[in-house]
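*Asks:* As input, take entry_15.txt (compact mmCIF, C-alpha atoms):
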# COMPACT_ATOMS: atom_id res chain seq x y z
CA MET Z 1 219.83 73.90 210.38
CA ILE Z 2 222.29 76.09 212.31
CA LYS Z 3 224.85 73.27 212.45
CA HIS Z 4 224.44 72.68 208.72
CA ILE Z 5 224.89 76.40 207.98
CA LEU Z 6 228.03 76.61 210.12
CA LYS Z 7 229.52 73.67 208.20
CA ILE Z 8 228.82 75.44 204.91
CA ILE Z 9 230.37 78.67 206.19
CA TRP Z 10 233.48 76.72 207.18
CA THR Z 11 233.60 74.87 203.88
CA GLN Z 12 233.45 78.20 202.02
CA ARG Z 13 235.88 79.86 204.45
CA LYS Z 14 238.18 81.06 201.68
CA ASN Z 15 235.49 83.40 200.37
CA ASN Z 16 233.88 84.03 203.74
CA THR Z 17 237.11 85.17 205.43
CA TRP Z 18 237.20 88.45 203.51
CA ILE Z 19 233.53 89.09 204.18
CA PHE Z 20 234.09 88.25 207.86
CA LEU Z 21 237.01 90.69 208.15
CA GLU Z 22 235.02 93.37 206.36
CA LEU Z 23 232.16 92.89 208.81
CA VAL Z 24 234.52 93.16 211.80
CA VAL Z 25 236.02 96.44 210.61
CA VAL Z 26 232.65 97.92 209.68
CA ILE Z 27 230.99 96.88 212.95
CA CYS Z 28 233.84 98.34 215.03
CA ALA Z 29 233.62 101.66 213.20
CA LEU Z 30 229.83 101.68 213.35
CA TRP Z 31 229.82 100.84 217.06
CA TRP Z 32 232.27 103.67 217.76
CA MET Z 33 229.94 106.16 216.06
CA THR Z 34 226.89 104.68 217.78
CA ASP Z 35 228.53 104.93 221.20
CA GLN Z 36 229.46 108.59 220.66
CA LEU Z 37 225.95 109.37 219.46
CA TYR Z 38 224.46 107.56 222.46
CA VAL Z 39 226.54 109.59 224.93
CA ASP Z 40 225.70 112.89 223.21
CA LEU Z 41 221.97 112.21 222.98
CA ARG Z 42 221.72 110.74 226.49
CA THR Z 43 223.49 113.79 227.92
CA TYR Z 44 221.60 116.30 225.78
CA TYR Z 45 218.17 115.03 226.83
CA SER Z 46 218.97 114.55 230.51
CA PRO Z 47 217.32 117.00 232.96
CA LEU Z 48 219.21 120.28 233.31
CA GLY Z 49 217.96 120.91 236.83
CA TYR Z 50 216.26 124.18 235.84
CA ASP Z 51 213.71 125.55 233.37
CA ILE Z 52 214.39 128.64 231.24
CA THR Z 53 211.11 128.76 229.32
CA ASN Z 54 209.41 132.17 229.48
CA THR Z 55 212.38 133.67 231.31
CA TRP Z 56 214.07 136.93 230.36
CA ARG Z 57 217.09 138.90 231.51
CA PHE Z 58 216.64 142.64 231.98
CA LYS Z 59 219.72 144.73 231.11
CA LEU Z 60 220.70 147.20 233.80
CA SER Z 61 222.86 150.29 233.74
CA LYS Z 62 223.44 153.55 235.58
CA LEU Z 63 222.84 157.09 234.42
CA ASN Z 64 226.02 158.92 233.59
CA PRO Z 65 226.80 162.23 235.34
CA GLY Z 66 225.97 164.15 232.19
CA SER Z 67 222.36 162.96 232.15
CA PRO Z 68 219.74 165.56 233.22
CA ASP Z 69 218.13 162.95 235.56
CA PHE Z 70 221.41 162.01 237.23
CA ILE Z 71 221.28 162.21 241.02
CA LYS Z 72 224.45 163.39 242.69
CA GLU Z 73 225.90 161.47 245.59
CA GLU Z 74 225.14 164.25 248.09
CA ASP Z 75 221.46 164.22 247.06
CA TYR Z 76 221.11 160.46 247.34
CA VAL Z 77 218.55 159.34 249.93
CA SER Z 78 218.97 155.59 249.37
CA ASN Z 79 221.70 153.11 248.43
CA GLN Z 80 222.16 150.89 245.40
CA THR Z 81 220.81 147.82 247.22
CA GLU Z 82 217.56 149.61 247.98
CA ASP Z 83 217.40 150.86 244.39
CA LEU Z 84 217.76 147.31 243.05
CA LEU Z 85 215.11 145.95 245.43
CA THR Z 86 212.73 148.78 244.50
CA LEU Z 87 213.26 148.12 240.80
CA MET Z 88 212.59 144.40 241.33
CA SER Z 89 209.40 145.29 243.22
CA HIS Z 90 208.18 147.52 240.36
CA ILE Z 91 208.73 144.74 237.82
CA ARG Z 92 207.11 142.13 240.05
CA GLN Z 93 203.95 144.23 240.33
CA HIS Z 94 203.27 144.04 236.60
CA PRO Z 95 200.30 141.69 235.93
CA SER Z 96 202.17 139.63 233.32
CA VAL Z 97 205.21 138.98 235.53
CA GLU Z 98 205.32 135.85 237.67
CA GLU Z 99 208.56 136.38 239.62
CA VAL Z 100 211.84 138.35 239.61
CA CYS Z 101 215.25 137.48 241.01
CA ALA Z 102 218.73 138.99 241.06
CA THR Z 103 221.89 136.94 240.51
CA TYR Z 104 225.56 137.61 240.01
CA TYR Z 105 227.22 135.50 237.32
CA SER Z 106 224.80 132.69 238.12
CA CYS Z 107 222.10 132.91 235.49
CA PRO Z 108 221.76 129.76 233.34
CA TYR Z 109 224.08 129.81 230.32
CA SER Z 110 225.99 132.79 231.68
CA TYR Z 111 228.95 130.49 232.44
CA GLY Z 112 229.67 132.27 235.70
CA ASN Z 113 233.18 131.59 236.95
CA SER Z 114 232.70 132.12 240.67
CA TRP Z 115 234.38 129.29 242.56
CA ARG Z 116 234.92 128.81 246.26
CA GLY Z 117 235.97 126.07 248.63
CA LEU Z 118 233.37 124.50 250.90
CA THR Z 119 234.14 121.90 253.55
CA PRO Z 120 231.71 119.67 255.48
CA ILE Z 121 232.26 119.65 259.22
CA ASP Z 122 230.88 116.15 259.78
CA GLY Z 123 231.44 114.70 256.31
CA ASP Z 124 234.25 113.54 254.02
CA THR Z 125 236.77 116.38 254.12
CA THR Z 126 239.53 114.60 252.19
CA ILE Z 127 238.19 115.43 248.72
CA ALA Z 128 236.55 118.73 249.65
CA SER Z 129 239.79 120.21 250.95
CA GLU Z 130 241.52 119.68 247.61
CA ARG Z 131 239.09 121.44 245.29
CA SER Z 132 236.78 124.41 244.81
CA PHE Z 133 233.17 124.31 243.71
CA GLN Z 134 231.06 126.61 241.59
CA ILE Z 135 229.11 129.00 243.77
CA ARG Z 136 225.95 130.70 242.52
CA ASN Z 137 225.17 133.96 244.32
CA VAL Z 138 221.42 134.44 244.00
CA SER Z 139 218.43 136.00 245.67
CA ILE Z 140 215.88 133.71 247.24
CA GLU Z 141 213.44 134.07 244.30
CA TYR Z 142 215.95 132.41 241.97
CA PHE Z 143 214.49 128.95 242.61
CA ASP Z 144 210.99 130.09 241.64
CA VAL Z 145 212.14 131.93 238.51
CA PHE Z 146 214.01 128.92 237.14
CA ARG Z 147 211.82 126.31 238.87
CA ILE Z 148 214.67 124.53 240.57
CA LYS Z 149 213.49 121.78 242.92
CA ASP Z 150 215.16 119.68 245.54
CA LYS Z 151 216.34 116.14 244.89
CA ASN Z 152 212.90 114.78 245.86
CA GLY Z 153 211.06 117.09 243.46
CA ASN Z 154 209.78 119.47 246.15
CA LEU Z 155 209.88 123.27 246.01
CA ILE Z 156 212.99 124.77 247.58
CA THR Z 157 211.70 128.26 248.42
CA PRO Z 158 209.41 127.15 251.30
CA GLN Z 159 212.34 125.25 252.82
CA ILE Z 160 214.62 128.30 252.99
CA GLU Z 161 212.22 131.12 253.82
CA GLY Z 162 213.16 132.90 257.04
CA ILE Z 163 216.73 131.53 257.03
CA HIS Z 164 219.53 134.08 256.92
CA ASN Z 165 221.85 133.49 253.93
CA PRO Z 166 220.89 129.83 253.47
CA ILE Z 167 223.21 127.43 251.66
CA ILE Z 168 221.76 124.95 249.16
CA ILE Z 169 224.04 122.25 247.80
CA SER Z 170 223.41 120.06 244.77
CA GLU Z 171 222.77 116.34 245.00
CA ASP Z 172 226.21 115.70 243.49
CA MET Z 173 227.83 117.61 246.33
CA GLU Z 174 225.73 115.72 248.87
CA GLU Z 175 227.05 112.44 247.47
CA LEU Z 176 230.61 113.78 247.45
CA PHE Z 177 230.46 115.01 251.04
CA TYR Z 178 228.26 112.41 252.73
CA HIS Z 179 228.30 109.36 250.42
CA GLY Z 180 224.56 108.75 250.27
CA GLU Z 181 223.66 110.09 253.70
CA GLN Z 182 221.24 112.99 254.27
CA ALA Z 183 222.96 116.40 253.94
CA LYS Z 184 220.11 118.71 254.91
CA GLY Z 185 220.64 120.12 258.39
CA ARG Z 186 224.36 119.36 258.48
CA LYS Z 187 227.10 121.97 258.85
CA VAL Z 188 229.59 123.30 256.30
CA LYS Z 189 232.06 126.17 256.32
CA TYR Z 190 234.02 128.20 253.82
CA SER Z 191 237.26 128.20 255.82
CA GLU Z 192 238.61 127.47 259.27
CA ALA Z 193 238.21 131.10 260.31
CA GLU Z 194 234.54 131.41 259.32
CA GLU Z 195 231.46 130.24 261.16
CA ALA Z 196 229.66 127.03 260.27
CA ILE Z 197 226.58 127.27 258.05
CA THR Z 198 223.65 124.85 258.07
CA ILE Z 199 222.68 123.25 254.76
CA ALA Z 200 219.08 124.38 254.19
CA ALA Z 201 218.22 122.13 251.23
CA VAL Z 202 219.65 119.81 248.58
CA SER Z 203 218.81 120.67 244.99
CA ALA Z 204 218.56 118.34 242.03
CA PRO Z 205 221.78 117.98 239.98
CA ILE Z 206 222.58 121.15 238.01
CA ARG Z 207 224.17 121.14 234.55
CA VAL Z 208 225.80 124.23 233.05
CA ASP Z 209 224.61 123.35 229.54
CA ASP Z 210 222.99 120.63 227.46
CA TYR Z 211 226.25 118.88 226.55
CA SER Z 212 227.84 118.76 230.00
CA ARG Z 213 227.25 116.45 232.93
CA SER Z 214 226.31 117.78 236.34
CA ASP Z 215 229.07 118.64 238.80
CA PRO Z 216 228.99 119.43 242.52
CA CYS Z 217 227.95 123.05 243.11
CA PHE Z 218 226.13 125.14 245.69
CA PHE Z 219 223.94 128.22 245.99
CA ASN Z 220 224.54 131.16 248.31
CA CYS Z 221 221.08 132.69 248.80
CA ALA Z 222 221.87 136.23 249.89
CA THR Z 223 219.29 137.79 252.21
CA GLY Z 224 219.34 140.83 254.49
CA SER Z 225 222.86 142.06 255.16
CA GLY Z 226 224.22 139.29 252.96
CA PHE Z 227 222.35 140.71 249.97
CA VAL Z 228 223.60 144.21 250.84
CA ASP Z 229 227.19 142.94 250.87
CA LEU Z 230 226.66 141.17 247.56
CA VAL Z 231 225.22 144.20 245.77
CA THR Z 232 227.79 146.53 247.30
CA GLY Z 233 230.61 144.26 246.22
CA PHE Z 234 229.52 143.75 242.61
CA GLY Z 235 227.36 146.82 241.97
CA ALA Z 236 223.62 147.00 241.32
CA GLU Z 237 224.09 147.58 237.59
CA SER Z 238 226.06 144.31 237.29
CA ALA Z 239 223.18 142.22 238.62
CA GLU Z 240 221.54 139.69 236.32
CA LEU Z 241 217.89 140.66 236.75
CA CYS Z 242 215.98 137.56 235.67
CA VAL Z 243 212.21 137.56 235.15
CA ARG Z 244 209.72 134.75 234.59
CA MET Z 245 206.61 135.68 232.66
CA LYS Z 246 203.25 134.09 233.37
CA GLN Z 247 202.69 133.36 229.68
CA TYR Z 248 204.76 133.01 226.54
CA ALA Z 249 206.00 136.37 225.28
CA THR Z 250 207.91 137.46 222.19
CA LEU Z 251 210.57 140.15 222.07
CA ASP Z 252 207.97 142.61 220.77
CA ASP Z 253 205.74 141.78 223.75
CA MET Z 254 208.60 142.42 226.13
CA ASN Z 255 209.48 145.71 224.47
CA LYS Z 256 205.84 146.75 224.86
CA LEU Z 257 206.05 145.82 228.54
CA LEU Z 258 209.11 148.05 228.95
CA ALA Z 259 207.28 150.89 227.21
CA GLU Z 260 204.23 150.42 229.44
CA MET Z 261 206.28 150.53 232.62
CA GLY Z 262 208.13 153.64 231.49
CA GLU Z 263 209.55 155.60 234.40
CA ARG Z 264 208.95 152.72 236.84
CA LEU Z 265 211.97 151.03 235.29
CA THR Z 266 214.20 153.83 236.56
CA VAL Z 267 215.04 154.11 240.25
CA ASN Z 268 217.36 157.01 240.98
CA ASN Z 269 220.41 156.34 238.77
CA LEU Z 270 219.62 152.66 238.15
CA TYR Z 271 217.53 151.83 235.09
CA VAL Z 272 216.56 149.07 232.66
CA TYR Z 273 217.67 149.70 229.08
CA GLY Z 274 216.75 146.43 227.35
CA VAL Z 275 215.74 142.80 227.62
CA ARG Z 276 216.91 139.47 226.20
CA ALA Z 277 215.43 136.01 226.37
CA THR Z 278 217.41 133.43 228.31
CA GLU Z 279 216.87 131.19 225.29
CA GLU Z 280 219.08 133.56 223.29
CA PHE Z 281 221.94 133.10 225.74
CA ARG Z 282 221.44 129.37 225.40
CA ASN Z 283 221.62 129.52 221.61
CA GLU Z 284 224.76 131.64 221.75
CA SER Z 285 226.53 129.43 224.25
CA LEU Z 286 225.61 126.22 222.43
CA GLY Z 287 226.12 127.54 218.91
CA GLU Z 288 229.58 126.07 218.41
CA ARG Z 289 228.68 122.80 220.15
CA ASP Z 290 225.53 122.46 218.03
CA SER Z 291 227.59 123.09 214.91
CA ASP Z 292 230.11 120.42 215.91
CA ARG Z 293 227.29 117.97 216.61
CA ASN Z 294 225.69 118.66 213.22
CA LYS Z 295 229.04 118.08 211.52
CA GLN Z 296 229.44 114.85 213.44
CA LEU Z 297 225.94 113.70 212.47
CA SER Z 298 226.62 114.58 208.81
CA LEU Z 299 229.85 112.59 208.88
CA MET Z 300 228.09 109.67 210.53
CA LEU Z 301 225.32 109.78 207.94
CA PHE Z 302 227.88 109.84 205.13
CA LEU Z 303 229.75 106.88 206.60
CA LEU Z 304 226.48 105.07 207.24
CA VAL Z 305 225.45 105.45 203.59
CA ASN Z 306 228.82 104.06 202.48
CA VAL Z 307 228.53 101.18 204.93
CA PHE Z 308 224.99 100.52 203.75
CA PHE Z 309 225.95 100.24 200.08
CA GLY Z 310 229.10 98.30 200.91
CA ILE Z 311 227.38 95.66 203.04
CA VAL Z 312 224.30 95.41 200.83
CA GLY Z 313 226.50 95.16 197.72
CA THR Z 314 228.75 92.51 199.29
CA PHE Z 315 225.89 90.19 200.22
CA TRP Z 316 224.06 90.95 196.99
CA LEU Z 317 227.06 89.82 194.93
CA ARG Z 318 227.64 86.87 197.25
CA THR Z 319 224.07 85.67 196.74
CA GLN Z 320 224.23 86.28 192.99
CA TYR Z 321 227.49 84.31 192.80
CA ARG Z 322 225.75 81.32 194.37
CA GLN Z 323 222.78 81.45 192.01
CA ALA Z 324 223.47 77.98 190.61
CA GLU Z 325 223.69 76.44 194.10
CA LEU Z 326 220.47 78.10 195.18
CA GLY Z 327 218.70 77.12 191.99
CA LEU Z 328 219.73 73.50 192.52
CA ARG Z 329 218.28 73.58 196.02
CA ILE Z 330 214.98 74.62 194.50
CA ALA Z 331 215.27 71.86 191.88
CA VAL Z 332 215.72 69.16 194.51
CA GLY Z 333 212.68 70.29 196.47
CA ALA Z 334 213.60 73.22 198.71
CA SER Z 335 210.68 75.59 199.07
CA ARG Z 336 211.15 79.24 198.23
CA VAL Z 337 210.29 80.23 201.82
CA SER Z 338 212.81 77.82 203.33
CA LEU Z 339 215.45 79.07 200.87
CA LYS Z 340 214.95 82.64 202.05
CA LYS Z 341 215.08 81.51 205.65
CA TYR Z 342 218.28 79.57 204.99
CA LEU Z 343 220.04 82.55 203.39
CA PHE Z 344 218.94 85.00 206.06
CA ILE Z 345 220.11 82.72 208.87
CA GLU Z 346 223.41 82.10 207.07
CA GLY Z 347 224.06 85.83 206.76
CA LEU Z 348 223.13 86.46 210.39
CA CYS Z 349 225.34 83.58 211.58
CA LEU Z 350 228.26 85.12 209.74
CA LEU Z 351 227.45 88.42 211.47
CA ILE Z 352 227.20 86.86 214.96
CA LEU Z 353 230.56 85.16 214.53
CA THR Z 354 232.18 88.61 214.54
CA LEU Z 355 230.99 89.27 218.11
CA PRO Z 356 234.09 87.93 219.95
CA LEU Z 357 236.48 90.13 217.95
CA VAL Z 358 234.21 93.17 218.28
CA ALA Z 359 233.89 92.59 222.03
CA LEU Z 360 237.69 92.39 222.25
CA PHE Z 361 237.95 95.71 220.40
CA ILE Z 362 235.45 97.37 222.77
CA ALA Z 363 237.23 95.98 225.84
CA ASN Z 364 240.53 97.32 224.52
CA MET Z 365 239.01 100.78 223.92
CA ALA Z 366 237.59 100.81 227.44
CA TYR Z 367 240.91 99.66 228.93
CA MET Z 368 242.82 102.39 227.07
CA ASP Z 369 240.26 104.96 228.27
CA LYS Z 370 239.36 106.01 224.73
CA LEU Z 371 235.63 106.12 225.49
CA ASP Z 372 233.72 109.09 226.92
CA SER Z 373 233.19 107.76 230.43
CA TYR Z 374 233.16 111.20 232.10
CA ARG Z 375 229.66 112.21 231.02
CA ILE Z 376 228.22 108.68 231.16
CA ALA Z 377 229.94 105.75 232.85
CA PHE Z 378 230.70 102.81 230.57
CA SER Z 379 228.31 100.24 231.98
CA PHE Z 380 226.70 96.99 230.82
CA VAL Z 381 223.55 98.96 229.98
CA ARG Z 382 225.48 101.32 227.72
CA PHE Z 383 227.33 98.37 226.16
CA PHE Z 384 224.18 96.36 225.40
CA ILE Z 385 222.31 99.38 224.01
CA THR Z 386 225.11 100.44 221.65
CA ILE Z 387 226.17 96.95 220.57
CA GLY Z 388 222.53 95.92 220.18
CA GLY Z 389 221.78 98.95 218.02
CA THR Z 390 224.87 98.32 215.91
CA TYR Z 391 224.10 94.66 215.26
CA LEU Z 392 220.45 95.39 214.63
CA LEU Z 393 221.42 97.92 211.98
CA MET Z 394 223.92 95.55 210.41
CA SER Z 395 221.32 92.75 210.42
CA GLY Z 396 218.93 94.93 208.46
CA MET Z 397 221.61 95.76 205.88
CA ILE Z 398 222.59 92.11 205.46
CA CYS Z 399 218.99 90.96 205.11
CA LEU Z 400 218.34 93.69 202.57
CA GLY Z 401 221.43 92.66 200.58
CA ILE Z 402 220.20 89.07 200.53
CA TRP Z 403 216.52 89.78 199.87
CA PHE Z 404 216.88 91.45 196.46
CA PRO Z 405 218.88 88.73 194.63
CA VAL Z 406 217.01 85.87 196.32
CA GLN Z 407 213.81 87.24 194.88
CA LYS Z 408 215.29 86.71 191.44
CA VAL Z 409 216.55 83.24 192.33
CA ASN Z 410 213.08 82.22 193.53
CA LYS Z 411 211.74 82.83 190.04
CA ILE Z 412 214.12 80.33 188.44
CA ALA Z 413 212.40 77.24 187.01
CA PRO Z 414 213.75 73.83 188.15
CA ALA Z 415 214.86 72.96 184.59
CA GLU Z 416 216.85 76.20 184.35
CA ALA Z 417 218.38 75.51 187.77
CA LEU Z 418 219.59 72.08 186.58
CA HIS Z 419 221.03 73.76 183.51
CA TYR Z 420 223.12 76.01 185.81
CA GLU Z 421 224.42 72.94 187.64
Would you mind writing the file's structure down as structure tokens?
*Replies:*
Amino acid sequence: MIKHILKIIWTQRKNNTWIFLELVVVICALWWMTDQLYVDLRTYYSPLGYDITNTWRFKLSKLNPGSPDFIKEEDYVSNQTEDLLTLMSHIRQHPSVEEVCATYYSCPYSYGNSWRGLTPIDGDTTIASERSFQIRNVSIEYFDVFRIKDKNGNLITPQIEGIHNPIIISEDMEELFYHGEQAKGRKVKYSEAEEAITIAAVSAPIRVDDYSRSDPCFFNCATGSGFVDLVTGFGAESAELCVRMKQYATLDDMNKLLAEMGERLTVNNLYVYGVRATEEFRNESLGERDSDRNKQLSLMLFLLVNVFFGIVGTFWLRTQYRQAELGLRIAVGASRVSLKKYLFIEGLCLLILTLPLVALFIANMAYMDKLDSYRIAFSFVRFFITIGGTYLLMSGMICLGIWFPVQKVNKIAPAEALHYE
């Protein structure tokens, strides 16, 4: 049957050429949209490397000198590092709080811009010496608050407890430095003048937001004197005080918590003046990207509707135009089921014939680097998923465009079919 159908397609090539060219153009455009959608969705739903559910950021500030509770410098009996640690301890003691951490420009969706060079002593130094990596300055509780695990899915906190200022690198950095070899326990350094630091753990890949891929980064877990230097350098009031609650809480619940704690949220001149959900920071940072994605989806839907009516209409008219031929087939003994099968296979054969030209278009786009290969590499898996989805969608449109008129043809009586002929 396939050979017979191909002969008919060739015999009717004058009419089929325009349909063939239309299919090629439509499939190329539809594949382009499908590929973009695949990259966006695949990236969006990939693991972020952290969990922000039930996490909140407490807003910190300092009393101004005009406040009646302001403590003058000469009356101070502690320092700002001790004040911050005391405040964290007060918050941690609340029954509804699971854990508290302090970070500097390292909270998820804060888009911290702290970058620093890091070089492996016994790894590949050629790439590392030419670039800087994002550094996240955090307290040791950070990994519990945001539930960050190592590359094997194990908890990181037990691996770094008791280590002074441990360094944790991401799995991407491990691959960059050591090319698949184990990084934990190896030495790195910030510069030639500084001492070597042992890598305490390797975290899972970390993404800055839902639309970005993961990049090599590392965590500086400040403890002891390192934490003192960090707070002294940036200021206690600039710390991102992040809190994980044991259960889901609304903004009203959190405001009630602040009211309950009252004076315990003030330590000398340092105090908490408000709270915001980490989810809010996420919504703010992704607002423009979400809007662009929605516009893209709307445009794709609009184009898809036009493609749908165009393809369905083309094959509908094509089948209607051949009503006499189809009626004659019925008159000479073709069953109505076999007629449907014949038309469906003919339409699908015409669709499959476009594959070489479409493949050439895709290869050209890949060669010219017009595809988004930064977030997801252009692989055979990606190719087969996107091209398969495109052709499956087109097959459905073609079959639908054939099904409606063929239903009418199937009702033609043999005598009427001979009259057409």
*Asks:* How far is it from CA of Leu286 in chain Z to CA of Tyr374 in chain Z, in Å with one decimal?
*Replies:*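 Distance between the two atoms: 19.4 Å.
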*Asks:* If you measure from CA of Ala183 in chain Z to CA of Ile199 in chain Z, what distance in Å do you get, rounded to one decimal?
*Replies:*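 Answer for the CA of Ala183 in chain Z to CA of Ile199 in chain Z separation: 6.9 Å.
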*Asks:* In Å, with one decimal, what is the gap from CA of Ile160 in chain Z to CA of Pro108 in chain Z?
*Replies:*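 Between CA of Ile160 in chain Z and CA of Pro108 in chain Z the gap is 21.0 Å.
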*Asks:* Rank nothing, just name the residue among Z:Asn220, Z:Phe234, Z:Arg207, Z:Gly262 nearest to Tyr45 in chain Z, using all atoms listed in the file.
*Replies:*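 Smallest separation from Tyr45 in chain Z among the options: Z:Arg207.
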*Asks:* Which polymer residues have any atom within 10 Å of an atom of Glu82 in chain Z, counting all atoms listed in the file, with same-chain residues fewer than 5 positions away left out, as a ChimeraX atom specification?
*Replies:* /Z:77,87-88,228,231,236,267
*Asks:* Do a neighbour search on Gly310 in chain Z at 12 Å with all atoms listed in the file, toss out local chain neighbours closer than 2 positions, and write the hits as a ChimeraX atom specification.
*Replies:* /Z:19,22-23,26,303-308,312-317,394,397-398,400-401
*Asks:* Could you pull the residues within 12 Å of range 365-367 of chain Z, counting only C-alpha atoms, minus those fewer than 6 positions along the same chain, as a list in words?
*Replies:*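 The residues satisfying every condition are Cys28, Trp31, Trp32, Asp35, Val358, Ala359, Ser373, Ala377, Phe378, Ser379 and Phe383 of chain Z.
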*Asks:* Counting only C-alpha atoms, which of Z:Val381, Z:Gly287, Z:Ser170, Z:Gly180 gets nearest to Asp215 in chain Z?
*Replies:*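 Result for the nearest residue to Asp215 in chain Z: Z:Ser170.
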*Asks:* Given only C-alpha atoms as the basis, pick out the residue of Z:Asp40, Z:Tyr342, Z:Thr354, Z:Gly274 nearest to Asp292 in chain Z.
*Replies:*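 The answer is Z:Asp40, which sits nearest to Asp292 in chain Z.
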